[in-house]
Amino acid sequence: MADIFEATRPDDYLMRLAASDLGRGYKAMVTAELALADGHTVVDVGCGPGADLLAFSAAVGADGLVVGIDHDVDAVEAARERVAGTRNVTVRTGDAHELDLDAGSVDRAHTDRVLQHVADPGRAVDEIARVLRPGGRAVLAEPDWGTLAIDGPDRATTHAYQAYVVEEVVRNAWTGRQLPALAARSGLSVRRVVPVTAVFRDVGEADAVLGLGRVARRAREAGYLDPDAYERWVAHLTTAVFFASVTLFVVVADR
Ligand SMILES: C[S@@+](CC[C@H](N)C(=O)[O-])C[C@H]1O[C@@H](n2cnc3c(N)ncnc32)[C@H](O)[C@@H]1O
């Protein structure tokens, strides 16, 4: 089991996910929904190691500007390295709850799997609405961990695993389903909600993306899974035909 489940540095994981078929597919869709044009200013809130910055840079051209913001110093450093030599991208540390951008100063705003982690997603969306110009667009992509489906050997343990993820692992685990209301409350008009369901048929891939093994161990330690049920559950997942899925919702909203 330990050989199947793996651990990697967060930035490696984020870039590997972005480069996977799954990551490339939905990120291309999200970039298209942003409808970036020459000369646009776009802010990527919670840019991480910069997985989207080069695509945004190419889409806004030499007269445009891409602003990457993240509160994690290491992520900002990695993003700066990634965009080194690109003249229309700037990356800085900052907090999604308090963007250092003037009101109405950006044409487009983007988050990808960020609001699920912040202390106050409503305030972060308010900030995005504040910095967008009238007619500007936000494209927000967030998973909903209540949609996590795993074909485990017994329903109770699988429910308990999902409950652990929703209650203890992800700070705002239901952000996906809450995004349309958060956007509307911030004064944005929601144009579309696009579901993206990731289906995993390989336990190693699911582990790399979902942290399956690590989270199951923590669920056992936290008392969500009893030790025998944990052993049976993990043995099943690592030997039987595997299935897991989770849905991410992409909200396209205009100011
Ligand atoms: C799952 S990563 C996604 C990174 C990137 N958007 C991507 O698609 O690869 C979430 C990022 O949100 C950042 N983040 C979390 N809370 C934040 C906050 N309050 N302000 C700014 N960034 C934040 C984290 O540091 C991390 O880089």
# chains A, B, ... in the order shown; residues from 1 in each chain; ligands from 1
>>> residues_near_ligand(ligand="ligand 1", cutoff="8 Å", atoms="only C-alpha atoms and all ligand atoms", output="PDB file with N, CA, C and O atoms, in the first residue's frame")
ATOM      1  N   LEU A  14       1.042  20.598  -7.810  1.00  0.00           N
ATOM      2  CA  LEU A  14       0.182  21.543  -8.541  1.00  0.00           C
ATOM      3  C   LEU A  14       0.565  21.612 -10.008  1.00  0.00           C
ATOM      4  O   LEU A  14      -0.292  21.642 -10.893  1.00  0.00           O
ATOM      5  N   MET A  15       1.861  21.608 -10.288  1.00  0.00           N
ATOM      6  CA  MET A  15       2.282  21.702 -11.688  1.00  0.00           C
ATOM      7  C   MET A  15       2.019  20.379 -12.419  1.00  0.00           C
ATOM      8  O   MET A  15       1.668  20.377 -13.591  1.00  0.00           O
ATOM      9  N   LEU A  17      -0.422  18.332 -11.751  1.00  0.00           N
ATOM     10  CA  LEU A  17      -1.861  18.297 -11.998  1.00  0.00           C
ATOM     11  C   LEU A  17      -2.217  19.181 -13.197  1.00  0.00           C
ATOM     12  O   LEU A  17      -2.987  18.793 -14.077  1.00  0.00           O
ATOM     13  N   ALA A  18      -1.619  20.386 -13.231  1.00  0.00           N
ATOM     14  CA  ALA A  18      -1.903  21.305 -14.342  1.00  0.00           C
ATOM     15  C   ALA A  18      -1.481  20.696 -15.674  1.00  0.00           C
ATOM     16  O   ALA A  18      -2.091  20.961 -16.717  1.00  0.00           O
ATOM     17  N   ASP A  44      -4.792  36.839 -11.339  1.00  0.00           N
ATOM     18  CA  ASP A  44      -4.943  35.435 -10.952  1.00  0.00           C
ATOM     19  C   ASP A  44      -4.754  35.378  -9.436  1.00  0.00           C
ATOM     20  O   ASP A  44      -3.632  35.421  -8.934  1.00  0.00           O
ATOM     21  N   VAL A  45      -5.869  35.309  -8.724  1.00  0.00           N
ATOM     22  CA  VAL A  45      -5.838  35.336  -7.252  1.00  0.00           C
ATOM     23  C   VAL A  45      -5.550  33.919  -6.753  1.00  0.00           C
ATOM     24  O   VAL A  45      -6.276  32.986  -7.089  1.00  0.00           O
ATOM     25  N   GLY A  46      -4.476  33.779  -5.962  1.00  0.00           N
ATOM     26  CA  GLY A  46      -4.051  32.438  -5.537  1.00  0.00           C
ATOM     27  C   GLY A  46      -3.399  31.711  -6.694  1.00  0.00           C
ATOM     28  O   GLY A  46      -3.720  30.563  -6.987  1.00  0.00           O
ATOM     29  N   CYS A  47      -2.444  32.403  -7.326  1.00  0.00           N
ATOM     30  CA  CYS A  47      -1.833  31.873  -8.562  1.00  0.00           C
ATOM     31  C   CYS A  47      -0.968  30.649  -8.313  1.00  0.00           C
ATOM     32  O   CYS A  47      -0.609  29.946  -9.255  1.00  0.00           O
ATOM     33  N   GLY A  48      -0.599  30.389  -7.034  1.00  0.00           N
ATOM     34  CA  GLY A  48       0.270  29.243  -6.754  1.00  0.00           C
ATOM     35  C   GLY A  48       1.578  29.376  -7.515  1.00  0.00           C
ATOM     36  O   GLY A  48       2.081  30.483  -7.735  1.00  0.00           O
ATOM     37  N   PRO A  49       2.150  28.257  -7.971  1.00  0.00           N
ATOM     38  CA  PRO A  49       3.431  28.316  -8.680  1.00  0.00           C
ATOM     39  C   PRO A  49       3.302  28.822 -10.118  1.00  0.00           C
ATOM     40  O   PRO A  49       4.250  28.752 -10.894  1.00  0.00           O
ATOM     41  N   GLY A  50       2.132  29.320 -10.486  1.00  0.00           N
ATOM     42  CA  GLY A  50       2.006  30.027 -11.768  1.00  0.00           C
ATOM     43  C   GLY A  50       1.547  29.176 -12.934  1.00  0.00           C
ATOM     44  O   GLY A  50       1.853  29.492 -14.089  1.00  0.00           O
ATOM     45  N   ALA A  51       0.761  28.149 -12.670  1.00  0.00           N
ATOM     46  CA  ALA A  51       0.352  27.218 -13.727  1.00  0.00           C
ATOM     47  C   ALA A  51      -0.380  27.917 -14.880  1.00  0.00           C
ATOM     48  O   ALA A  51      -0.313  27.458 -16.017  1.00  0.00           O
ATOM     49  N   ASP A  52      -1.078  29.029 -14.595  1.00  0.00           N
ATOM     50  CA  ASP A  52      -1.896  29.667 -15.634  1.00  0.00           C
ATOM     51  C   ASP A  52      -1.285  30.939 -16.202  1.00  0.00           C
ATOM     52  O   ASP A  52      -1.814  31.504 -17.161  1.00  0.00           O
ATOM     53  N   ILE A  69      -1.169  36.789  -7.789  1.00  0.00           N
ATOM     54  CA  ILE A  69      -1.115  37.108  -6.353  1.00  0.00           C
ATOM     55  C   ILE A  69      -1.277  35.815  -5.563  1.00  0.00           C
ATOM     56  O   ILE A  69      -2.174  35.014  -5.857  1.00  0.00           O
ATOM     57  N   ASP A  70      -0.414  35.623  -4.574  1.00  0.00           N
ATOM     58  CA  ASP A  70      -0.547  34.460  -3.694  1.00  0.00           C
ATOM     59  C   ASP A  70       0.024  34.841  -2.334  1.00  0.00           C
ATOM     60  O   ASP A  70       0.957  35.636  -2.258  1.00  0.00           O
ATOM     61  N   HIS A  71      -0.530  34.279  -1.268  1.00  0.00           N
ATOM     62  CA  HIS A  71      -0.017  34.643   0.062  1.00  0.00           C
ATOM     63  C   HIS A  71       1.177  33.770   0.477  1.00  0.00           C
ATOM     64  O   HIS A  71       1.789  34.023   1.497  1.00  0.00           O
ATOM     65  N   ASP A  72       1.498  32.798  -0.338  1.00  0.00           N
ATOM     66  CA  ASP A  72       2.588  31.883   0.006  1.00  0.00           C
ATOM     67  C   ASP A  72       3.878  32.330  -0.706  1.00  0.00           C
ATOM     68  O   ASP A  72       3.941  32.381  -1.934  1.00  0.00           O
ATOM     69  N   ALA A  75       5.404  29.876  -3.199  1.00  0.00           N
ATOM     70  CA  ALA A  75       4.627  29.797  -4.450  1.00  0.00           C
ATOM     71  C   ALA A  75       4.939  31.000  -5.328  1.00  0.00           C
ATOM     72  O   ALA A  75       5.130  30.864  -6.551  1.00  0.00           O
ATOM     73  N   THR A  93       3.290  38.778  -3.495  1.00  0.00           N
ATOM     74  CA  THR A  93       2.582  38.205  -2.350  1.00  0.00           C
ATOM     75  C   THR A  93       1.419  39.120  -2.005  1.00  0.00           C
ATOM     76  O   THR A  93       1.508  40.346  -2.124  1.00  0.00           O
ATOM     77  N   GLY A  94       0.329  38.521  -1.586  1.00  0.00           N
ATOM     78  CA  GLY A  94      -0.840  39.307  -1.211  1.00  0.00           C
ATOM     79  C   GLY A  94      -1.926  38.375  -0.724  1.00  0.00           C
ATOM     80  O   GLY A  94      -1.845  37.154  -0.883  1.00  0.00           O
ATOM     81  N   ASP A  95      -2.938  38.981  -0.142  1.00  0.00           N
ATOM     82  CA  ASP A  95      -4.021  38.214   0.472  1.00  0.00           C
ATOM     83  C   ASP A  95      -5.302  38.389  -0.349  1.00  0.00           C
ATOM     84  O   ASP A  95      -5.693  39.521  -0.655  1.00  0.00           O
ATOM     85  N   ALA A  96      -5.932  37.275  -0.650  1.00  0.00           N
ATOM     86  CA  ALA A  96      -7.172  37.305  -1.438  1.00  0.00           C
ATOM     87  C   ALA A  96      -8.260  38.134  -0.753  1.00  0.00           C
ATOM     88  O   ALA A  96      -9.157  38.644  -1.425  1.00  0.00           O
ATOM     89  N   HIS A  97      -8.167  38.294   0.565  1.00  0.00           N
ATOM     90  CA  HIS A  97      -9.198  39.066   1.282  1.00  0.00           C
ATOM     91  C   HIS A  97      -8.995  40.562   1.155  1.00  0.00           C
ATOM     92  O   HIS A  97      -9.843  41.344   1.553  1.00  0.00           O
ATOM     93  N   THR A 111      -9.788  32.585 -10.250  1.00  0.00           N
ATOM     94  CA  THR A 111      -9.276  31.742  -9.165  1.00  0.00           C
ATOM     95  C   THR A 111      -9.449  30.290  -9.593  1.00  0.00           C
ATOM     96  O   THR A 111     -10.419  29.944 -10.276  1.00  0.00           O
ATOM     97  N   ASP A 112      -8.523  29.467  -9.200  1.00  0.00           N
ATOM     98  CA  ASP A 112      -8.631  28.019  -9.434  1.00  0.00           C
ATOM     99  C   ASP A 112      -8.250  27.300  -8.150  1.00  0.00           C
ATOM    100  O   ASP A 112      -7.081  27.314  -7.754  1.00  0.00           O
ATOM    101  N   ARG A 113      -9.219  26.717  -7.472  1.00  0.00           N
ATOM    102  CA  ARG A 113      -9.049  25.942  -6.248  1.00  0.00           C
ATOM    103  C   ARG A 113      -8.369  26.764  -5.128  1.00  0.00           C
ATOM    104  O   ARG A 113      -7.480  26.289  -4.449  1.00  0.00           O
ATOM    105  N   VAL A 114      -8.850  27.983  -4.969  1.00  0.00           N
ATOM    106  CA  VAL A 114      -8.292  28.891  -3.958  1.00  0.00           C
ATOM    107  C   VAL A 114      -9.324  29.182  -2.864  1.00  0.00           C
ATOM    108  O   VAL A 114      -9.034  29.092  -1.678  1.00  0.00           O
ATOM    109  N   LEU A 115     -10.545  29.500  -3.283  1.00  0.00           N
ATOM    110  CA  LEU A 115     -11.572  29.919  -2.316  1.00  0.00           C
ATOM    111  C   LEU A 115     -11.893  28.803  -1.329  1.00  0.00           C
ATOM    112  O   LEU A 115     -12.313  29.060  -0.200  1.00  0.00           O
ATOM    113  N   HIS A 117      -9.874  27.277   0.289  1.00  0.00           N
ATOM    114  CA  HIS A 117      -8.879  27.327   1.369  1.00  0.00           C
ATOM    115  C   HIS A 117      -8.911  28.615   2.192  1.00  0.00           C
ATOM    116  O   HIS A 117      -8.303  28.662   3.258  1.00  0.00           O
ATOM    117  N   VAL A 118      -9.526  29.691   1.692  1.00  0.00           N
ATOM    118  CA  VAL A 118      -9.378  30.982   2.378  1.00  0.00           C
ATOM    119  C   VAL A 118     -10.263  31.036   3.623  1.00  0.00           C
ATOM    120  O   VAL A 118     -11.237  30.286   3.755  1.00  0.00           O
ATOM    121  N   ALA A 119      -9.954  31.978   4.524  1.00  0.00           N
ATOM    122  CA  ALA A 119     -10.724  32.081   5.772  1.00  0.00           C
ATOM    123  C   ALA A 119     -12.155  32.530   5.493  1.00  0.00           C
ATOM    124  O   ALA A 119     -13.097  32.078   6.148  1.00  0.00           O
ATOM    125  N   ALA A 124     -13.430  37.269  -0.116  1.00  0.00           N
ATOM    126  CA  ALA A 124     -12.521  37.155  -1.267  1.00  0.00           C
ATOM    127  C   ALA A 124     -13.282  37.418  -2.574  1.00  0.00           C
ATOM    128  O   ALA A 124     -12.759  38.078  -3.476  1.00  0.00           O
TER     129      ALA A 124
END
>>> residues_around(residues="segment 31-38 of chain A", least_positions_apart="2", cutoff="6 Å", atoms="only C-alpha atoms", output="PyMOL selection string")
chain A and resi 28-29+40+59-61
>>> residues_around(residues="segment 151-154 of chain A", least_positions_apart="3", cutoff="7 Å", atoms="only C-alpha atoms", output="JSON, numbers by chain")
{"A": [157, 158, 233, 236, 237, 242, 243, 244]}
>>> write_last_selection(atoms="N, CA and C atoms", output="CSV table (one decimal), in the first residue's frame")
chain,number,residue,atom,x,y,z
A,157,THR,N,-17.9,3.1,5.8
A,157,THR,CA,-16.5,3.6,5.9
A,157,THR,C,-16.3,4.6,4.8
A,158,THR,N,-16.9,4.4,3.6
A,158,THR,CA,-16.8,5.4,2.5
A,158,THR,C,-17.4,6.7,2.9
A,233,TRP,N,-10.8,-1.3,3.9
A,233,TRP,CA,-11.1,-0.2,2.9
A,233,TRP,C,-9.9,0.0,2.0
A,236,HIS,N,-9.1,-3.0,-0.2
A,236,HIS,CA,-10.0,-3.0,-1.3
A,236,HIS,C,-9.6,-2.0,-2.4
A,237,LEU,N,-9.4,-0.8,-2.0
A,237,LEU,CA,-9.1,0.2,-3.0
A,237,LEU,C,-7.8,-0.1,-3.8
A,242,PHE,N,-10.8,0.0,-9.5
A,242,PHE,CA,-10.9,1.3,-8.7
A,242,PHE,C,-11.8,2.3,-9.4
A,243,PHE,N,-12.6,3.0,-8.6
A,243,PHE,CA,-13.4,4.2,-9.2
A,243,PHE,C,-13.4,5.2,-8.1
A,244,ALA,N,-13.1,6.5,-8.5
A,244,ALA,CA,-13.4,7.6,-7.6
A,244,ALA,C,-13.7,8.8,-8.6
>>> residues_around(residues="Ala138 of chain A", least_positions_apart="6", cutoff="9 Å", atoms="only C-alpha atoms", output="ChimeraX atom specification")
/A:34,107-111,128-129,132,188,251-255
>>> write_last_selection(atoms="N, CA and C atoms", output="compact mmCIF listing (two decimals), in the first residue's frame")
# COMPACT_ATOMS: atom_id res chain seq x y z
N LEU A 34 -12.62 32.97 -19.86
CA LEU A 34 -12.16 34.30 -19.46
C LEU A 34 -12.24 35.29 -20.63
N ASP A 107 -9.75 43.87 -15.96
CA ASP A 107 -10.78 43.41 -16.92
C ASP A 107 -11.25 42.00 -16.59
N ARG A 108 -10.35 41.20 -16.04
CA ARG A 108 -10.66 39.79 -15.81
C ARG A 108 -10.05 39.36 -14.47
N ALA A 109 -10.74 38.44 -13.80
CA ALA A 109 -10.21 37.87 -12.55
C ALA A 109 -10.42 36.37 -12.56
N HIS A 110 -9.47 35.67 -11.96
CA HIS A 110 -9.48 34.21 -12.03
C HIS A 110 -9.07 33.63 -10.68
N THR A 111 -9.79 32.59 -10.25
CA THR A 111 -9.28 31.74 -9.16
C THR A 111 -9.45 30.29 -9.59
N ILE A 128 -12.83 40.46 -5.42
CA ILE A 128 -12.77 40.27 -6.88
C ILE A 128 -13.78 41.19 -7.57
N ALA A 129 -14.98 41.27 -7.01
CA ALA A 129 -16.01 42.14 -7.60
C ALA A 129 -15.55 43.61 -7.53
N LEU A 132 -12.83 44.39 -10.27
CA LEU A 132 -13.26 44.26 -11.67
C LEU A 132 -13.88 45.57 -12.15
N LEU A 188 -22.17 40.27 -8.68
CA LEU A 188 -21.82 39.77 -10.02
C LEU A 188 -23.02 39.05 -10.63
N VAL A 251 -17.59 28.80 -12.36
CA VAL A 251 -18.61 29.85 -12.42
C VAL A 251 -18.08 31.02 -13.24
N VAL A 252 -18.86 31.39 -14.26
CA VAL A 252 -18.51 32.52 -15.12
C VAL A 252 -19.46 33.65 -14.74
N ALA A 253 -18.90 34.75 -14.24
CA ALA A 253 -19.76 35.82 -13.71
C ALA A 253 -19.24 37.18 -14.16
N ASP A 254 -20.16 38.04 -14.58
CA ASP A 254 -19.79 39.37 -15.08
C ASP A 254 -20.17 40.44 -14.08
N ARG A 255 -19.39 41.51 -14.08
CA ARG A 255 -19.72 42.64 -13.18
C ARG A 255 -20.62 43.62 -13.92
>>> select_by_dssp(residues="segment 21-231 of chain A", states="strand (DSSP E)", output="compact mmCIF listing (two decimals) with N, CA, C and O atoms, in the first residue's frame")
# COMPACT_ATOMS: atom_id res chain seq x y z
N THR A 41 -6.10 43.56 -18.61
CA THR A 41 -5.43 43.29 -17.34
C THR A 41 -6.20 42.17 -16.66
O THR A 41 -7.42 42.26 -16.50
N VAL A 42 -5.48 41.10 -16.27
CA VAL A 42 -6.13 39.95 -15.61
C VAL A 42 -5.40 39.64 -14.31
O VAL A 42 -4.17 39.65 -14.29
N VAL A 43 -6.17 39.43 -13.25
CA VAL A 43 -5.55 39.05 -11.98
C VAL A 43 -5.85 37.58 -11.70
O VAL A 43 -6.99 37.13 -11.86
N ASP A 44 -4.79 36.84 -11.34
CA ASP A 44 -4.94 35.44 -10.95
C ASP A 44 -4.75 35.38 -9.44
O ASP A 44 -3.63 35.42 -8.93
N VAL A 45 -5.87 35.31 -8.72
CA VAL A 45 -5.84 35.34 -7.25
C VAL A 45 -5.55 33.92 -6.75
O VAL A 45 -6.28 32.99 -7.09
N LEU A 65 -1.63 43.02 -19.18
CA LEU A 65 -0.89 42.78 -17.93
C LEU A 65 -1.53 41.63 -17.18
O LEU A 65 -2.76 41.57 -17.04
N VAL A 66 -0.69 40.72 -16.71
CA VAL A 66 -1.13 39.61 -15.87
C VAL A 66 -0.57 39.83 -14.47
O VAL A 66 0.64 40.02 -14.32
N VAL A 67 -1.44 39.84 -13.47
CA VAL A 67 -1.00 40.02 -12.09
C VAL A 67 -1.29 38.73 -11.34
O VAL A 67 -2.45 38.33 -11.18
N GLY A 68 -0.23 38.06 -10.90
CA GLY A 68 -0.39 36.85 -10.08
C GLY A 68 -0.23 37.23 -8.62
O GLY A 68 0.72 37.93 -8.25
N ILE A 69 -1.17 36.79 -7.79
CA ILE A 69 -1.12 37.11 -6.35
C ILE A 69 -1.28 35.81 -5.56
O ILE A 69 -2.17 35.01 -5.86
N ASP A 70 -0.41 35.62 -4.57
CA ASP A 70 -0.55 34.46 -3.69
C ASP A 70 0.02 34.84 -2.33
O ASP A 70 0.96 35.64 -2.26
N VAL A 89 3.95 40.11 -17.15
CA VAL A 89 3.47 39.38 -15.96
C VAL A 89 4.19 39.91 -14.73
O VAL A 89 5.41 40.07 -14.74
N THR A 90 3.42 40.17 -13.69
CA THR A 90 4.02 40.51 -12.40
C THR A 90 3.41 39.59 -11.34
O THR A 90 2.22 39.30 -11.40
N VAL A 91 4.25 39.11 -10.44
CA VAL A 91 3.77 38.19 -9.40
C VAL A 91 4.14 38.77 -8.05
O VAL A 91 5.28 39.21 -7.85
N ARG A 92 3.17 38.80 -7.13
CA ARG A 92 3.49 39.34 -5.80
C ARG A 92 2.75 38.63 -4.70
O ARG A 92 1.73 37.97 -4.95
N THR A 93 3.29 38.78 -3.50
CA THR A 93 2.58 38.20 -2.35
C THR A 93 1.42 39.12 -2.01
O THR A 93 1.51 40.35 -2.12
N VAL A 106 -9.29 46.04 -13.12
CA VAL A 106 -8.94 44.86 -13.93
C VAL A 106 -10.11 44.43 -14.81
O VAL A 106 -11.27 44.64 -14.47
N ASP A 107 -9.75 43.87 -15.96
CA ASP A 107 -10.78 43.41 -16.92
C ASP A 107 -11.25 42.00 -16.59
O ASP A 107 -12.39 41.63 -16.90
N ARG A 108 -10.35 41.20 -16.04
CA ARG A 108 -10.66 39.79 -15.81
C ARG A 108 -10.05 39.36 -14.47
O ARG A 108 -8.97 39.82 -14.10
N ALA A 109 -10.74 38.44 -13.80
CA ALA A 109 -10.21 37.87 -12.55
C ALA A 109 -10.42 36.37 -12.56
O ALA A 109 -11.43 35.87 -13.09
N HIS A 110 -9.47 35.67 -11.96
CA HIS A 110 -9.48 34.21 -12.03
C HIS A 110 -9.07 33.63 -10.68
O HIS A 110 -8.16 34.15 -10.02
N THR A 111 -9.79 32.59 -10.25
CA THR A 111 -9.28 31.74 -9.16
C THR A 111 -9.45 30.29 -9.59
O THR A 111 -10.42 29.94 -10.28
N ASP A 112 -8.52 29.47 -9.20
CA ASP A 112 -8.63 28.02 -9.43
C ASP A 112 -8.25 27.30 -8.15
O ASP A 112 -7.08 27.31 -7.75
N LEU A 132 -12.83 44.39 -10.27
CA LEU A 132 -13.26 44.26 -11.67
C LEU A 132 -13.88 45.57 -12.15
O LEU A 132 -14.66 46.19 -11.42
N ARG A 133 -13.60 45.93 -13.38
CA ARG A 133 -14.29 47.10 -13.95
C ARG A 133 -15.71 46.70 -14.32
O ARG A 133 -15.98 45.50 -14.54
N PRO A 134 -16.63 47.66 -14.41
CA PRO A 134 -17.97 47.32 -14.90
C PRO A 134 -17.85 46.64 -16.26
O PRO A 134 -17.09 47.08 -17.12
N GLY A 135 -18.54 45.53 -16.43
CA GLY A 135 -18.44 44.77 -17.67
C GLY A 135 -17.31 43.74 -17.64
O GLY A 135 -17.18 42.93 -18.56
N GLY A 136 -16.50 43.77 -16.58
CA GLY A 136 -15.41 42.80 -16.45
C GLY A 136 -15.95 41.43 -16.07
O GLY A 136 -17.14 41.28 -15.73
N ARG A 137 -15.09 40.45 -16.15
CA ARG A 137 -15.54 39.06 -15.94
C ARG A 137 -14.66 38.31 -14.94
O ARG A 137 -13.43 38.45 -14.98
N ALA A 138 -15.30 37.52 -14.10
CA ALA A 138 -14.58 36.61 -13.20
C ALA A 138 -14.88 35.18 -13.60
O ALA A 138 -16.03 34.85 -13.92
N VAL A 139 -13.85 34.34 -13.60
CA VAL A 139 -14.05 32.90 -13.80
C VAL A 139 -13.43 32.20 -12.59
O VAL A 139 -12.22 32.30 -12.35
N LEU A 140 -14.30 31.56 -11.83
CA LEU A 140 -13.92 30.98 -10.54
C LEU A 140 -14.14 29.47 -10.61
O LEU A 140 -15.25 29.02 -10.92
N ALA A 141 -13.10 28.69 -10.33
CA ALA A 141 -13.20 27.23 -10.41
C ALA A 141 -12.92 26.64 -9.03
O ALA A 141 -11.84 26.87 -8.47
N GLU A 142 -13.89 25.94 -8.49
CA GLU A 142 -13.71 25.35 -7.15
C GLU A 142 -14.35 23.97 -7.09
O GLU A 142 -15.48 23.78 -7.57
N PRO A 143 -13.67 23.02 -6.47
CA PRO A 143 -14.28 21.70 -6.29
C PRO A 143 -15.35 21.74 -5.20
O PRO A 143 -15.37 22.66 -4.38
N ASP A 144 -16.21 20.74 -5.23
CA ASP A 144 -17.16 20.54 -4.13
C ASP A 144 -16.90 19.14 -3.60
O ASP A 144 -17.19 18.14 -4.29
N TRP A 145 -16.36 19.05 -2.38
CA TRP A 145 -15.93 17.76 -1.85
C TRP A 145 -17.09 16.90 -1.40
O TRP A 145 -16.92 15.70 -1.14
N GLY A 146 -18.30 17.49 -1.35
CA GLY A 146 -19.49 16.68 -1.10
C GLY A 146 -19.83 15.80 -2.29
O GLY A 146 -20.66 14.89 -2.18
N THR A 147 -19.20 16.06 -3.44
CA THR A 147 -19.45 15.24 -4.64
C THR A 147 -18.46 14.07 -4.73
O THR A 147 -18.51 13.32 -5.72
N LEU A 148 -17.57 13.96 -3.77
CA LEU A 148 -16.56 12.89 -3.83
C LEU A 148 -17.24 11.51 -3.79
O LEU A 148 -17.93 11.19 -2.81
N ALA A 149 -17.05 10.74 -4.83
CA ALA A 149 -17.64 9.39 -4.90
C ALA A 149 -16.50 8.38 -4.99
O ALA A 149 -15.63 8.50 -5.86
N ILE A 150 -16.50 7.43 -4.08
CA ILE A 150 -15.46 6.39 -4.10
C ILE A 150 -16.16 5.04 -4.00
O ILE A 150 -17.08 4.87 -3.19
N SER A 189 -23.10 39.06 -11.96
CA SER A 189 -24.17 38.33 -12.66
C SER A 189 -23.60 37.01 -13.14
O SER A 189 -22.68 36.99 -13.98
N VAL A 190 -24.16 35.92 -12.64
CA VAL A 190 -23.63 34.60 -13.02
C VAL A 190 -24.17 34.23 -14.40
O VAL A 190 -25.38 34.15 -14.62
N ARG A 191 -23.26 34.05 -15.35
CA ARG A 191 -23.64 33.71 -16.74
C ARG A 191 -23.79 32.22 -16.93
O ARG A 191 -24.68 31.76 -17.64
N ARG A 192 -22.87 31.47 -16.37
CA ARG A 192 -22.84 30.02 -16.58
C ARG A 192 -22.22 29.33 -15.38
O ARG A 192 -21.34 29.91 -14.72
N VAL A 193 -22.65 28.10 -15.15
CA VAL A 193 -21.97 27.23 -14.19
C VAL A 193 -21.64 25.95 -14.95
O VAL A 193 -22.55 25.27 -15.44
N VAL A 194 -20.37 25.65 -15.07
CA VAL A 194 -19.95 24.49 -15.87
C VAL A 194 -19.36 23.43 -14.93
O VAL A 194 -18.38 23.71 -14.24
N PRO A 195 -19.98 22.24 -14.88
CA PRO A 195 -19.39 21.20 -14.02
C PRO A 195 -18.26 20.48 -14.74
O PRO A 195 -18.34 20.23 -15.94
N VAL A 196 -17.22 20.17 -14.00
CA VAL A 196 -16.11 19.39 -14.55
C VAL A 196 -15.91 18.22 -13.59
O VAL A 196 -15.52 18.43 -12.44
N THR A 197 -16.21 17.01 -14.04
CA THR A 197 -16.06 15.86 -13.15
C THR A 197 -14.77 15.11 -13.50
O THR A 197 -14.59 14.68 -14.63
N ALA A 198 -13.92 15.01 -12.49
CA ALA A 198 -12.70 14.23 -12.65
C ALA A 198 -13.01 12.80 -12.27
O ALA A 198 -13.52 12.55 -11.17
N VAL A 199 -12.74 11.87 -13.17
CA VAL A 199 -12.96 10.44 -12.89
C VAL A 199 -11.59 9.75 -12.82
O VAL A 199 -10.76 9.92 -13.71
N PHE A 200 -11.39 9.04 -11.74
CA PHE A 200 -10.13 8.32 -11.54
C PHE A 200 -10.41 6.84 -11.58
O PHE A 200 -11.24 6.33 -10.83
>>> select_by_dssp(residues="segment 214-246 of chain A", states="helix (DSSP H, G or I)", output="ChimeraX atom specification")
/A:214-221,227-239
>>> atom_distance(atom1="atom CA of Arg185 of chain A", atom2="atom CA of Gly122 of chain A")
8.1 Å
>>> closest_residue(among="A:Asp74, A:Asp207, A:Asp202, A:Glu168", to="Tyr224 of chain A", atoms="only C-alpha atoms")
A:Glu168
